[in-house]
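Engineer: So I've got this file, input_6.pdb, and it contains PDB, C-alpha atoms:
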```
ATOM      1  CA  MET A   1      87.848  97.367  61.378  1.00  0.00           C
ATOM      2  CA  ILE A   2      89.722 100.585  60.520  1.00  0.00           C
ATOM      3  CA  LYS A   3      92.280  99.906  63.236  1.00  0.00           C
ATOM      4  CA  LEU A   4      92.738  96.381  61.868  1.00  0.00           C
ATOM      5  CA  LYS A   5      93.375  97.739  58.364  1.00  0.00           C
ATOM      6  CA  LYS A   6      95.922 100.225  59.694  1.00  0.00           C
ATOM      7  CA  LEU A   7      97.642  97.462  61.641  1.00  0.00           C
ATOM      8  CA  THR A   8      97.743  95.283  58.520  1.00  0.00           C
ATOM      9  CA  ILE A   9      99.238  98.113  56.443  1.00  0.00           C
ATOM     10  CA  ILE A  10     101.864  98.827  59.106  1.00  0.00           C
ATOM     11  CA  SER A  11     102.746  95.121  59.339  1.00  0.00           C
ATOM     12  CA  LEU A  12     103.138  94.867  55.563  1.00  0.00           C
ATOM     13  CA  GLY A  13     105.342  97.954  55.602  1.00  0.00           C
ATOM     14  CA  VAL A  14     107.576  96.475  58.295  1.00  0.00           C
ATOM     15  CA  MET A  15     107.827  93.192  56.358  1.00  0.00           C
ATOM     16  CA  LEU A  16     108.758  95.062  53.163  1.00  0.00           C
ATOM     17  CA  ILE A  17     111.509  97.014  54.929  1.00  0.00           C
ATOM     18  CA  ALA A  18     112.867  93.789  56.452  1.00  0.00           C
ATOM     19  CA  LEU A  19     112.838  92.135  53.027  1.00  0.00           C
ATOM     20  CA  VAL A  20     114.761  95.022  51.459  1.00  0.00           C
ATOM     21  CA  ILE A  21     117.346  94.876  54.238  1.00  0.00           C
ATOM     22  CA  ALA A  22     117.679  91.123  53.832  1.00  0.00           C
ATOM     23  CA  ILE A  23     118.192  91.109  50.067  1.00  0.00           C
ATOM     24  CA  GLY A  24     120.268  94.291  49.994  1.00  0.00           C
ATOM     25  CA  PRO A  25     123.653  92.501  50.165  1.00  0.00           C
ATOM     26  CA  VAL A  26     122.540  90.161  47.369  1.00  0.00           C
ATOM     27  CA  LEU A  27     121.614  93.052  45.079  1.00  0.00           C
ATOM     28  CA  ALA A  28     124.850  94.914  45.781  1.00  0.00           C
ATOM     29  CA  ALA A  29     127.715  94.471  43.348  1.00  0.00           C
ATOM     30  CA  THR A  30     130.228  92.008  44.768  1.00  0.00           C
ATOM     31  CA  ILE A  31     133.550  90.879  43.308  1.00  0.00           C
ATOM     32  CA  ARG A  32     133.790  87.127  42.935  1.00  0.00           C
ATOM     33  CA  VAL A  33     136.927  85.105  42.232  1.00  0.00           C
ATOM     34  CA  GLU A  34     136.412  81.559  40.959  1.00  0.00           C
ATOM     35  CA  PRO A  35     137.097  78.957  42.116  1.00  0.00           C
ATOM     36  CA  HIS A  36     136.360  79.861  45.708  1.00  0.00           C
ATOM     37  CA  GLY A  37     134.727  78.386  48.791  1.00  0.00           C
ATOM     38  CA  SER A  38     135.249  74.884  50.043  1.00  0.00           C
ATOM     39  CA  TYR A  39     134.116  71.290  49.842  1.00  0.00           C
ATOM     40  CA  PHE A  40     133.471  69.216  52.987  1.00  0.00           C
ATOM     41  CA  GLY A  41     134.687  72.231  54.990  1.00  0.00           C
ATOM     42  CA  LEU A  42     138.100  72.153  53.313  1.00  0.00           C
ATOM     43  CA  PRO A  43     139.520  74.977  51.189  1.00  0.00           C
ATOM     44  CA  ILE A  44     139.776  74.413  47.467  1.00  0.00           C
ATOM     45  CA  MET A  45     143.359  73.378  46.805  1.00  0.00           C
ATOM     46  CA  LEU A  46     145.103  74.495  43.634  1.00  0.00           C
ATOM     47  CA  SER A  47     148.732  74.063  42.705  1.00  0.00           C
ATOM     48  CA  SER A  48     150.893  76.813  41.251  1.00  0.00           C
ATOM     49  CA  PRO A  49     150.463  78.207  38.661  1.00  0.00           C
ATOM     50  CA  ALA A  50     146.722  78.451  39.286  1.00  0.00           C
ATOM     51  CA  THR A  51     144.166  79.949  36.894  1.00  0.00           C
ATOM     52  CA  PHE A  52     141.021  81.812  37.998  1.00  0.00           C
ATOM     53  CA  ASN A  53     138.433  84.209  36.667  1.00  0.00           C
ATOM     54  CA  VAL A  54     137.012  87.323  38.267  1.00  0.00           C
ATOM     55  CA  THR A  55     133.556  88.853  37.808  1.00  0.00           C
ATOM     56  CA  VAL A  56     131.204  91.262  39.518  1.00  0.00           C
ATOM     57  CA  VAL A  57     127.950  89.719  40.705  1.00  0.00           C
ATOM     58  CA  GLY A  58     125.027  92.130  40.464  1.00  0.00           C
ATOM     59  CA  GLY A  59     127.109  94.765  38.704  1.00  0.00           C
ATOM     60  CA  ALA A  60     125.790  94.710  35.120  1.00  0.00           C
ATOM     61  CA  ASP A  61     125.125  98.463  35.208  1.00  0.00           C
ATOM     62  CA  ASN A  62     127.821  99.296  37.758  1.00  0.00           C
ATOM     63  CA  PRO A  63     131.241  97.973  36.715  1.00  0.00           C
ATOM     64  CA  THR A  64     134.097  97.913  39.224  1.00  0.00           C
ATOM     65  CA  THR A  65     137.017 100.111  38.204  1.00  0.00           C
ATOM     66  CA  ASP A  66     140.678 100.318  39.231  1.00  0.00           C
ATOM     67  CA  PRO A  67     140.959  96.575  40.047  1.00  0.00           C
ATOM     68  CA  HIS A  68     143.753  95.575  42.417  1.00  0.00           C
ATOM     69  CA  ILE A  69     144.847  92.095  43.429  1.00  0.00           C
ATOM     70  CA  PHE A  70     145.492  91.458  47.123  1.00  0.00           C
ATOM     71  CA  LEU A  71     147.625  88.431  48.033  1.00  0.00           C
ATOM     72  CA  VAL A  72     148.141  87.241  51.606  1.00  0.00           C
ATOM     73  CA  MET A  73     150.437  84.440  52.757  1.00  0.00           C
ATOM     74  CA  THR A  74     151.790  82.935  55.959  1.00  0.00           C
ATOM     75  CA  GLU A  75     155.278  83.762  57.205  1.00  0.00           C
ATOM     76  CA  THR A  76     156.370  80.175  56.510  1.00  0.00           C
ATOM     77  CA  SER A  77     155.215  80.533  52.917  1.00  0.00           C
ATOM     78  CA  TYR A  78     156.982  83.867  52.548  1.00  0.00           C
ATOM     79  CA  ASN A  79     160.235  82.495  53.944  1.00  0.00           C
ATOM     80  CA  SER A  80     160.080  79.566  51.503  1.00  0.00           C
ATOM     81  CA  LEU A  81     159.761  81.724  48.363  1.00  0.00           C
ATOM     82  CA  THR A  82     162.191  80.735  45.611  1.00  0.00           C
ATOM     83  CA  GLY A  83     161.291  83.580  43.232  1.00  0.00           C
ATOM     84  CA  ASN A  84     158.815  86.380  42.587  1.00  0.00           C
ATOM     85  CA  VAL A  85     155.058  85.929  42.808  1.00  0.00           C
ATOM     86  CA  VAL A  86     153.639  86.889  39.396  1.00  0.00           C
ATOM     87  CA  VAL A  87     150.093  87.498  38.156  1.00  0.00           C
ATOM     88  CA  ASN A  88     149.301  87.257  34.412  1.00  0.00           C
ATOM     89  CA  TRP A  89     146.186  87.986  32.346  1.00  0.00           C
ATOM     90  CA  THR A  90     145.146  88.518  28.713  1.00  0.00           C
ATOM     91  CA  GLY A  91     143.896  91.877  27.458  1.00  0.00           C
ATOM     92  CA  GLY A  92     144.678  95.401  28.557  1.00  0.00           C
ATOM     93  CA  SER A  93     148.202  96.666  29.055  1.00  0.00           C
ATOM     94  CA  PRO A  94     150.370  95.612  30.816  1.00  0.00           C
ATOM     95  CA  THR A  95     149.441  91.914  30.953  1.00  0.00           C
ATOM     96  CA  MET A  96     151.342  90.952  34.112  1.00  0.00           C
ATOM     97  CA  VAL A  97     152.415  92.280  37.487  1.00  0.00           C
ATOM     98  CA  THR A  98     155.175  91.191  39.861  1.00  0.00           C
ATOM     99  CA  MET A  99     153.889  91.268  43.433  1.00  0.00           C
ATOM    100  CA  THR A 100     156.300  93.386  45.430  1.00  0.00           C
ATOM    101  CA  PRO A 101     156.969  94.699  48.015  1.00  0.00           C
ATOM    102  CA  TRP A 102     155.538  92.413  50.686  1.00  0.00           C
ATOM    103  CA  THR A 103     154.478  93.911  54.003  1.00  0.00           C
ATOM    104  CA  LYS A 104     154.647  92.007  57.284  1.00  0.00           C
ATOM    105  CA  GLU A 105     151.755  92.367  59.767  1.00  0.00           C
ATOM    106  CA  SER A 106     151.310  90.811  63.192  1.00  0.00           C
ATOM    107  CA  ASP A 107     148.822  93.183  64.901  1.00  0.00           C
ATOM    108  CA  ASN A 108     145.378  91.554  64.706  1.00  0.00           C
ATOM    109  CA  SER A 109     143.572  94.908  64.855  1.00  0.00           C
ATOM    110  CA  VAL A 110     145.261  96.301  61.722  1.00  0.00           C
ATOM    111  CA  LYS A 111     143.048  96.475  58.633  1.00  0.00           C
ATOM    112  CA  VAL A 112     144.599  96.008  55.181  1.00  0.00           C
ATOM    113  CA  PRO A 113     145.094  96.926  52.389  1.00  0.00           C
ATOM    114  CA  PRO A 114     145.457 100.723  52.642  1.00  0.00           C
ATOM    115  CA  GLY A 115     143.133 102.937  50.632  1.00  0.00           C
ATOM    116  CA  SER A 116     140.027 100.911  51.483  1.00  0.00           C
ATOM    117  CA  ASP A 117     136.906 102.443  52.973  1.00  0.00           C
ATOM    118  CA  SER A 118     135.792 101.526  56.499  1.00  0.00           C
ATOM    119  CA  GLY A 119     133.734  98.524  55.402  1.00  0.00           C
ATOM    120  CA  THR A 120     135.999  97.039  52.756  1.00  0.00           C
ATOM    121  CA  GLY A 121     139.420  96.186  54.211  1.00  0.00           C
ATOM    122  CA  TYR A 122     140.324  92.922  55.953  1.00  0.00           C
ATOM    123  CA  THR A 123     141.612  92.685  59.521  1.00  0.00           C
ATOM    124  CA  VAL A 124     144.833  90.791  60.173  1.00  0.00           C
ATOM    125  CA  ALA A 125     142.914  88.637  62.665  1.00  0.00           C
ATOM    126  CA  LEU A 126     140.467  87.548  59.957  1.00  0.00           C
ATOM    127  CA  LEU A 127     143.236  86.806  57.461  1.00  0.00           C
ATOM    128  CA  ARG A 128     145.211  84.811  60.038  1.00  0.00           C
ATOM    129  CA  ASP A 129     142.124  82.837  60.913  1.00  0.00           C
ATOM    130  CA  HIS A 130     141.370  82.042  57.281  1.00  0.00           C
ATOM    131  CA  LEU A 131     144.955  80.963  56.637  1.00  0.00           C
ATOM    132  CA  ASN A 132     144.809  78.917  59.860  1.00  0.00           C
ATOM    133  CA  THR A 133     148.007  80.410  61.228  1.00  0.00           C
ATOM    134  CA  THR A 134     149.271  82.182  64.338  1.00  0.00           C
ATOM    135  CA  GLU A 135     152.293  83.481  62.436  1.00  0.00           C
ATOM    136  CA  PRO A 136     152.598  87.012  61.099  1.00  0.00           C
ATOM    137  CA  ILE A 137     151.171  87.421  57.616  1.00  0.00           C
ATOM    138  CA  TYR A 138     152.736  88.985  54.541  1.00  0.00           C
ATOM    139  CA  TRP A 139     150.622  90.846  51.998  1.00  0.00           C
ATOM    140  CA  ALA A 140     151.087  92.560  48.632  1.00  0.00           C
ATOM    141  CA  PHE A 141     148.603  94.835  46.855  1.00  0.00           C
ATOM    142  CA  GLU A 142     149.006  95.842  43.217  1.00  0.00           C
ATOM    143  CA  PRO A 143     146.853  97.089  40.293  1.00  0.00           C
ATOM    144  CA  PHE A 144     146.087  94.438  37.691  1.00  0.00           C
ATOM    145  CA  LEU A 145     144.017  93.648  34.562  1.00  0.00           C
ATOM    146  CA  GLY A 146     145.755  96.356  32.563  1.00  0.00           C
ATOM    147  CA  GLY A 147     143.069  99.024  32.859  1.00  0.00           C
ATOM    148  CA  MET A 148     140.103  96.705  32.234  1.00  0.00           C
ATOM    149  CA  ASN A 149     137.024  97.053  34.433  1.00  0.00           C
ATOM    150  CA  ILE A 150     135.480  94.082  36.228  1.00  0.00           C
ATOM    151  CA  THR A 151     131.962  93.288  34.985  1.00  0.00           C
ATOM    152  CA  GLU A 152     129.702  90.227  34.801  1.00  0.00           C
ATOM    153  CA  ILE A 153     131.866  88.921  31.940  1.00  0.00           C
ATOM    154  CA  PRO A 154     134.636  86.697  33.435  1.00  0.00           C
ATOM    155  CA  ILE A 155     138.257  87.799  33.058  1.00  0.00           C
ATOM    156  CA  GLU A 156     140.834  85.036  33.419  1.00  0.00           C
ATOM    157  CA  PHE A 157     144.098  85.464  35.309  1.00  0.00           C
ATOM    158  CA  THR A 158     146.894  83.221  36.546  1.00  0.00           C
ATOM    159  CA  VAL A 159     148.868  83.401  39.790  1.00  0.00           C
ATOM    160  CA  THR A 160     152.305  81.808  40.050  1.00  0.00           C
ATOM    161  CA  LEU A 161     153.597  81.184  43.578  1.00  0.00           C
ATOM    162  CA  PRO A 162     157.141  79.745  43.583  1.00  0.00           C
ATOM    163  CA  ALA A 163     157.523  78.465  47.139  1.00  0.00           C
ATOM    164  CA  THR A 164     158.508  75.204  48.786  1.00  0.00           C
ATOM    165  CA  GLU A 165     155.864  75.570  51.524  1.00  0.00           C
ATOM    166  CA  PRO A 166     153.105  77.584  49.822  1.00  0.00           C
ATOM    167  CA  ARG A 167     150.027  78.838  51.647  1.00  0.00           C
ATOM    168  CA  MET A 168     148.348  81.901  50.169  1.00  0.00           C
ATOM    169  CA  ALA A 169     144.931  83.479  49.658  1.00  0.00           C
ATOM    170  CA  VAL A 170     143.859  85.698  46.748  1.00  0.00           C
ATOM    171  CA  TYR A 171     141.424  88.611  46.976  1.00  0.00           C
ATOM    172  CA  VAL A 172     140.437  91.326  44.492  1.00  0.00           C
ATOM    173  CA  LEU A 173     139.368  94.881  45.318  1.00  0.00           C
ATOM    174  CA  GLY A 174     138.095  97.754  43.203  1.00  0.00           C
ATOM    175  CA  LYS A 175     136.005 100.922  43.147  1.00  0.00           C
ATOM    176  CA  THR A 176     132.377 101.551  42.250  1.00  0.00           C
ATOM    177  CA  GLY A 177     130.600 104.824  41.544  1.00  0.00           C
ATOM    178  CA  ASP A 178     132.649 107.944  42.176  1.00  0.00           C
ATOM    179  CA  SER A 179     134.492 106.546  45.194  1.00  0.00           C
ATOM    180  CA  GLU A 180     138.164 107.428  45.535  1.00  0.00           C
ATOM    181  CA  LEU A 181     138.586 104.593  48.047  1.00  0.00           C
ATOM    182  CA  PHE A 182     138.326 100.876  47.395  1.00  0.00           C
ATOM    183  CA  ASN A 183     134.698 100.108  48.222  1.00  0.00           C
ATOM    184  CA  ASN A 184     134.186  96.719  46.569  1.00  0.00           C
ATOM    185  CA  ARG A 185     135.957  93.454  47.355  1.00  0.00           C
ATOM    186  CA  SER A 186     135.864  89.673  47.300  1.00  0.00           C
ATOM    187  CA  PRO A 187     134.014  88.359  50.373  1.00  0.00           C
ATOM    188  CA  PRO A 188     136.394  88.025  53.363  1.00  0.00           C
ATOM    189  CA  THR A 189     135.893  84.275  53.738  1.00  0.00           C
ATOM    190  CA  GLN A 190     135.974  83.495  50.010  1.00  0.00           C
ATOM    191  CA  PRO A 191     139.477  84.060  48.665  1.00  0.00           C
ATOM    192  CA  GLY A 192     140.264  82.861  45.180  1.00  0.00           C
ATOM    193  CA  PHE A 193     142.226  79.987  46.662  1.00  0.00           C
ATOM    194  CA  VAL A 194     144.355  78.719  49.482  1.00  0.00           C
ATOM    195  CA  ILE A 195     147.411  76.571  48.787  1.00  0.00           C
ATOM    196  CA  PRO A 196     148.020  74.485  51.906  1.00  0.00           C
ATOM    197  CA  GLU A 197     151.299  73.102  53.103  1.00  0.00           C
ATOM    198  CA  LEU A 198     152.001  69.537  51.956  1.00  0.00           C
ATOM    199  CA  GLY A 199     151.039  68.083  55.331  1.00  0.00           C
ATOM    200  CA  THR A 200     147.602  69.707  55.166  1.00  0.00           C
ATOM    201  CA  VAL A 201     147.062  68.430  51.639  1.00  0.00           C
ATOM    202  CA  LEU A 202     147.970  64.861  52.642  1.00  0.00           C
ATOM    203  CA  LEU A 203     145.754  65.055  55.717  1.00  0.00           C
ATOM    204  CA  ALA A 204     142.819  66.329  53.676  1.00  0.00           C
ATOM    205  CA  ALA A 205     143.385  63.697  51.008  1.00  0.00           C
ATOM    206  CA  SER A 206     143.555  60.867  53.546  1.00  0.00           C
ATOM    207  CA  SER A 207     140.414  62.124  55.324  1.00  0.00           C
ATOM    208  CA  PHE A 208     138.508  62.320  52.050  1.00  0.00           C
ATOM    209  CA  ALA A 209     139.726  58.848  51.023  1.00  0.00           C
ATOM    210  CA  ALA A 210     138.596  57.400  54.348  1.00  0.00           C
ATOM    211  CA  PHE A 211     135.192  59.020  53.962  1.00  0.00           C
ATOM    212  CA  ALA A 212     134.825  57.679  50.404  1.00  0.00           C
ATOM    213  CA  LEU A 213     135.847  54.157  51.507  1.00  0.00           C
ATOM    214  CA  PHE A 214     133.348  54.219  54.373  1.00  0.00           C
ATOM    215  CA  ALA A 215     130.557  55.327  52.013  1.00  0.00           C
ATOM    216  CA  LEU A 216     131.465  52.605  49.523  1.00  0.00           C
ATOM    217  CA  ARG A 217     131.389  49.878  52.211  1.00  0.00           C
ATOM    218  CA  ARG A 218     127.972  51.020  53.447  1.00  0.00           C
ATOM    219  CA  LYS A 219     126.624  50.978  49.883  1.00  0.00           C
ATOM    220  CA  ARG A 220     127.777  47.359  49.390  1.00  0.00           C
ATOM    221  CA  GLN A 221     126.201  46.178  52.647  1.00  0.00           C
TER     222      GLN A 221
END
```
Starting from the file, lay out its structure as structure tokens.
Structural biologist:
Amino acid sequence: MIKLKKLTIISLGVMLIALVIAIGPVLAATIRVEPHGSYFGLPIMLSSPATFNVTVVGGADNPTTDPHIFLVMTETSYNSLTGNVVVNWTGGSPTMVTMTPWTKESDNSVKVPPGSDSGTGYTVALLRDHLNTTEPIYWAFEPFLGGMNITEIPIEFTVTLPATEPRMAVYVLGKTGDSELFNNRSPPTQPGFVIPELGTVLLAASSFAAFALFALRRKRQ
């Protein structure tokens, strides 16, 4: 009986540790840019200029400081730029930033942006995969929000991408606690948005239309 009780206590302890490990990432403060994610496996498609908001999930008592915006685009998108990429917001000072310079990367093992801790940067391979490209990528990393911290209260910002063949993802990084390195970020697979090339948009639209038509026909039968 005593051995059974000890075994039960040990089992409960193991289960509690596993539960803490499982919910740990949920409890941690995470930067979130909305809209994000996808529908029917397709990235959310926004046209330029596009408006978003940024918050910290699970960071009510631990705001994220020194926010920086991290933009990544394909080489085709970069070569089709017709002007500067600009980010605007309300509150703080300044209230806008021009994204420059842009850095070209083609080595999949490189992790960007600089100044991030070991678990926070993004590999070029991951960014290429998310942008669905084999081309080199171009990235820019600049402070934004005019000195405001990111909390659970949404802050709105707008990104303007003047390009004839736009395809870009938006991430936000910042610092928590006393860290001198960027140790908080938007999830790697959840950028604020991706703007596909026209062909991708038309393909997605036609696929969705076909799916909707098929569903409608089945409903009528």
Engineer: Kindly provide the residues of region 121-174 of chain A that approach region 51-67 of chain A to within 7 Å, each paired with its closest atom pair and their distance in Å to one decimal, based on only C-alpha atoms, listed by chain and increasing number, as a tab-separated table.
Structural biologist:
```
residue	atom	partner	partner_atom	distance
A:Pro143	CA	A:Pro67	CA	5.9
A:Phe144	CA	A:Pro67	CA	6.0
A:Leu145	CA	A:Pro67	CA	6.9
A:Gly147	CA	A:Asp66	CA	6.9
A:Asn149	CA	A:Thr65	CA	4.9
A:Ile150	CA	A:Thr64	CA	5.1
A:Thr151	CA	A:Val56	CA	5.0
A:Glu152	CA	A:Val56	CA	5.1
A:Ile153	CA	A:Thr55	CA	6.1
A:Pro154	CA	A:Thr55	CA	5.0
A:Ile155	CA	A:Asn53	CA	5.1
A:Glu156	CA	A:Asn53	CA	4.1
A:Phe157	CA	A:Phe52	CA	5.5
A:Thr158	CA	A:Thr51	CA	4.3
A:Val159	CA	A:Thr51	CA	6.5
A:Val172	CA	A:Pro67	CA	6.9
A:Leu173	CA	A:Pro67	CA	5.8
A:Gly174	CA	A:Pro67	CA	4.4
```
Engineer: In Å, rounded to a single decimal, give me how far CA of Asn108 (chain A) is from CA of Arg185 (chain A).
Structural biologist: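 Result for CA of Arg185 (chain A) versus CA of Asn108 (chain A): 19.8 Å, one decimal.
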Engineer: For a quick check of understanding, using only C-alpha atoms, which of A:Ser118, A:Thr103, A:Thr90, A:Ser186 has the smallest distance to Ala140 (chain A)?
Structural biologist: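 Among A:Ser118, A:Thr103, A:Thr90, A:Ser186, it is A:Thr103 that comes nearest to Ala140 (chain A).
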Engineer: Which residue gives the smallest distance to Thr100 (chain A) among A:Glu34, A:Glu142, A:Tyr78, A:Pro114, with all atoms listed in the file counted?
Structural biologist: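 The closest residue to Thr100 (chain A) is A:Glu142.
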Engineer: Quick one: what's the axis-aligned box for region 121-140 of chain A, all listed atoms, 4 Å on every side, centre and edges in Å to one decimal, as lines of an AutoDock Vina configuration file?
Structural biologist:
```
center_x = 146.1
center_y = 87.6
center_z = 56.5
size_x = 21.3
size_y = 25.3
size_z = 23.7
```
Engineer: Any chance you could work out the residue set of the PyMOL selection byres ((chain A and resi 166) around 10) here, as a VMD selection string?
Structural biologist: chain A and resid 47 to 48 73 to 81 161 to 165 167 to 168 194 to 198
Engineer: Just the number, please: distance in Å from CA of Val110 (chain A) to CA of Gln190 (chain A), one decimal.
Structural biologist: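 Taking CA of Val110 (chain A) and CA of Gln190 (chain A), their separation equals 19.7 Å.
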Engineer: Rank nothing, just name the residue among A:Pro187, A:Pro136, A:Gly91, A:Gly192 nearest to Asp107 (chain A), using only C-alpha atoms.
Structural biologist: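 Selected residue with least distance to Asp107 (chain A): A:Pro136.
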Engineer: On this structure, which residues satisfy the PyMOL selection byres ((chain A and resi 189) around 12), written as a list in words?
Structural biologist: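 Applied to this file, the PyMOL selection byres ((chain A and resi 189) around 12) selects Arg32, Val33, His36, Gly37, Ser38, Pro43, Tyr122, Thr123, Leu126, Leu127, Arg128, Asp129, His130, Leu131, Ala169, Val170, Tyr171, Arg185, Ser186, Pro187, Pro188, Gln190, Pro191, Gly192, Phe193 and Val194 of chain A.
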Engineer: Grab the CA of Thr98 (chain A) to CA of Asn184 (chain A) distance for me, in Å with one decimal place.
Structural biologist: 22.7 Å
Engineer: So that I can see what lies close to Met96 (chain A), please list as a list in words the residues with an atom at most 8 Å from it, counting all atoms listed in the file and leaving out residues fewer than 6 positions away in the same chain.
Structural biologist: Val86, Val87, Asn88, Trp89, Phe144, Leu145 and Gly146 of chain A
Engineer: Taking into account all atoms listed in the file, which residue in the set A:Thr82, A:Asn183, A:Glu135, A:Gly121 is nearest to Glu105 (chain A)?
Structural biologist: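 Between A:Thr82, A:Asn183, A:Glu135, A:Gly121, the residue approaching Glu105 (chain A) most closely is A:Glu135.
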Engineer: Run the PyMOL selection byres ((chain A and resi 181) around 6) on the file and write out the hits as an mmCIF file with C-alpha atoms, keeping the file's coordinate frame.
Structural biologist:
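Output (selection_29.cif):
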```
data_model
loop_
_atom_site.group_PDB
_atom_site.id
_atom_site.type_symbol
_atom_site.label_atom_id
_atom_site.label_comp_id
_atom_site.auth_asym_id
_atom_site.auth_seq_id
_atom_site.Cartn_x
_atom_site.Cartn_y
_atom_site.Cartn_z
ATOM 1 C CA GLY A 115 143.133 102.937 50.632
ATOM 2 C CA SER A 116 140.027 100.911 51.483
ATOM 3 C CA ASP A 117 136.906 102.443 52.973
ATOM 4 C CA SER A 179 134.492 106.546 45.194
ATOM 5 C CA GLU A 180 138.164 107.428 45.535
ATOM 6 C CA PHE A 182 138.326 100.876 47.395
ATOM 7 C CA ASN A 183 134.698 100.108 48.222
#
```
Engineer: Quick one: residues within 7 Å of (147.7, 93.2, 46.5) (file frame), counting all atoms listed in the file, please, as a ChimeraX atom specification.
Structural biologist: /A:68-71,139-142
Engineer: Just so I have it separately, write region 157-163 of chain A from the block I sent, keeping all heavy atoms, as an mmCIF file, in the first residue's frame.
Structural biologist:
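That gives us selection21.cif:
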```cif
data_model
loop_
_atom_site.group_PDB
_atom_site.id
_atom_site.type_symbol
_atom_site.label_atom_id
_atom_site.label_comp_id
_atom_site.auth_asym_id
_atom_site.auth_seq_id
_atom_site.Cartn_x
_atom_site.Cartn_y
_atom_site.Cartn_z
ATOM 1 N N PHE A 157 -0.534 49.993 -36.954
ATOM 2 C CA PHE A 157 0.491 50.529 -37.842
ATOM 3 C C PHE A 157 0.169 50.141 -39.279
ATOM 4 O O PHE A 157 -0.584 49.199 -39.542
ATOM 5 C CB PHE A 157 1.901 50.063 -37.440
ATOM 6 C CG PHE A 157 2.156 48.588 -37.586
ATOM 7 C CD1 PHE A 157 2.741 48.071 -38.742
ATOM 8 C CD2 PHE A 157 1.836 47.706 -36.558
ATOM 9 C CE1 PHE A 157 2.993 46.727 -38.877
ATOM 10 C CE2 PHE A 157 2.075 46.346 -36.681
ATOM 11 C CZ PHE A 157 2.662 45.848 -37.836
ATOM 12 N N THR A 158 0.737 50.901 -40.198
ATOM 13 C CA THR A 158 0.475 50.694 -41.630
ATOM 14 C C THR A 158 1.782 50.512 -42.380
ATOM 15 O O THR A 158 2.754 51.235 -42.149
ATOM 16 C CB THR A 158 -0.294 51.891 -42.220
ATOM 17 O OG1 THR A 158 -1.541 52.028 -41.532
ATOM 18 C CG2 THR A 158 -0.568 51.694 -43.701
ATOM 19 N N VAL A 159 1.809 49.545 -43.276
ATOM 20 C CA VAL A 159 2.990 49.292 -44.112
ATOM 21 C C VAL A 159 2.633 49.582 -45.562
ATOM 22 O O VAL A 159 1.638 49.071 -46.080
ATOM 23 C CB VAL A 159 3.470 47.837 -43.974
ATOM 24 C CG1 VAL A 159 4.656 47.578 -44.907
ATOM 25 C CG2 VAL A 159 3.845 47.516 -42.538
ATOM 26 N N THR A 160 3.447 50.413 -46.203
ATOM 27 C CA THR A 160 3.256 50.734 -47.615
ATOM 28 C C THR A 160 4.394 50.115 -48.422
ATOM 29 O O THR A 160 5.566 50.413 -48.173
ATOM 30 C CB THR A 160 3.223 52.256 -47.839
ATOM 31 O OG1 THR A 160 2.170 52.816 -47.054
ATOM 32 C CG2 THR A 160 2.980 52.588 -49.301
ATOM 33 N N LEU A 161 4.031 49.247 -49.357
ATOM 34 C CA LEU A 161 5.014 48.551 -50.193
ATOM 35 C C LEU A 161 4.766 48.908 -51.652
ATOM 36 O O LEU A 161 3.926 48.310 -52.321
ATOM 37 C CB LEU A 161 4.901 47.037 -49.979
ATOM 38 C CG LEU A 161 5.713 46.138 -50.917
ATOM 39 C CD1 LEU A 161 7.194 46.452 -50.838
ATOM 40 C CD2 LEU A 161 5.448 44.669 -50.596
ATOM 41 N N PRO A 162 5.499 49.899 -52.186
ATOM 42 C CA PRO A 162 5.318 50.287 -53.587
ATOM 43 C C PRO A 162 6.150 49.385 -54.503
ATOM 44 O O PRO A 162 7.338 49.601 -54.707
ATOM 45 C CB PRO A 162 5.831 51.727 -53.612
ATOM 46 C CG PRO A 162 6.876 51.760 -52.534
ATOM 47 C CD PRO A 162 6.461 50.761 -51.500
ATOM 48 N N ALA A 163 5.510 48.362 -55.052
ATOM 49 C CA ALA A 163 6.218 47.425 -55.918
ATOM 50 C C ALA A 163 5.241 46.881 -56.950
ATOM 51 O O ALA A 163 4.045 46.751 -56.679
ATOM 52 C CB ALA A 163 6.819 46.281 -55.106
#
```
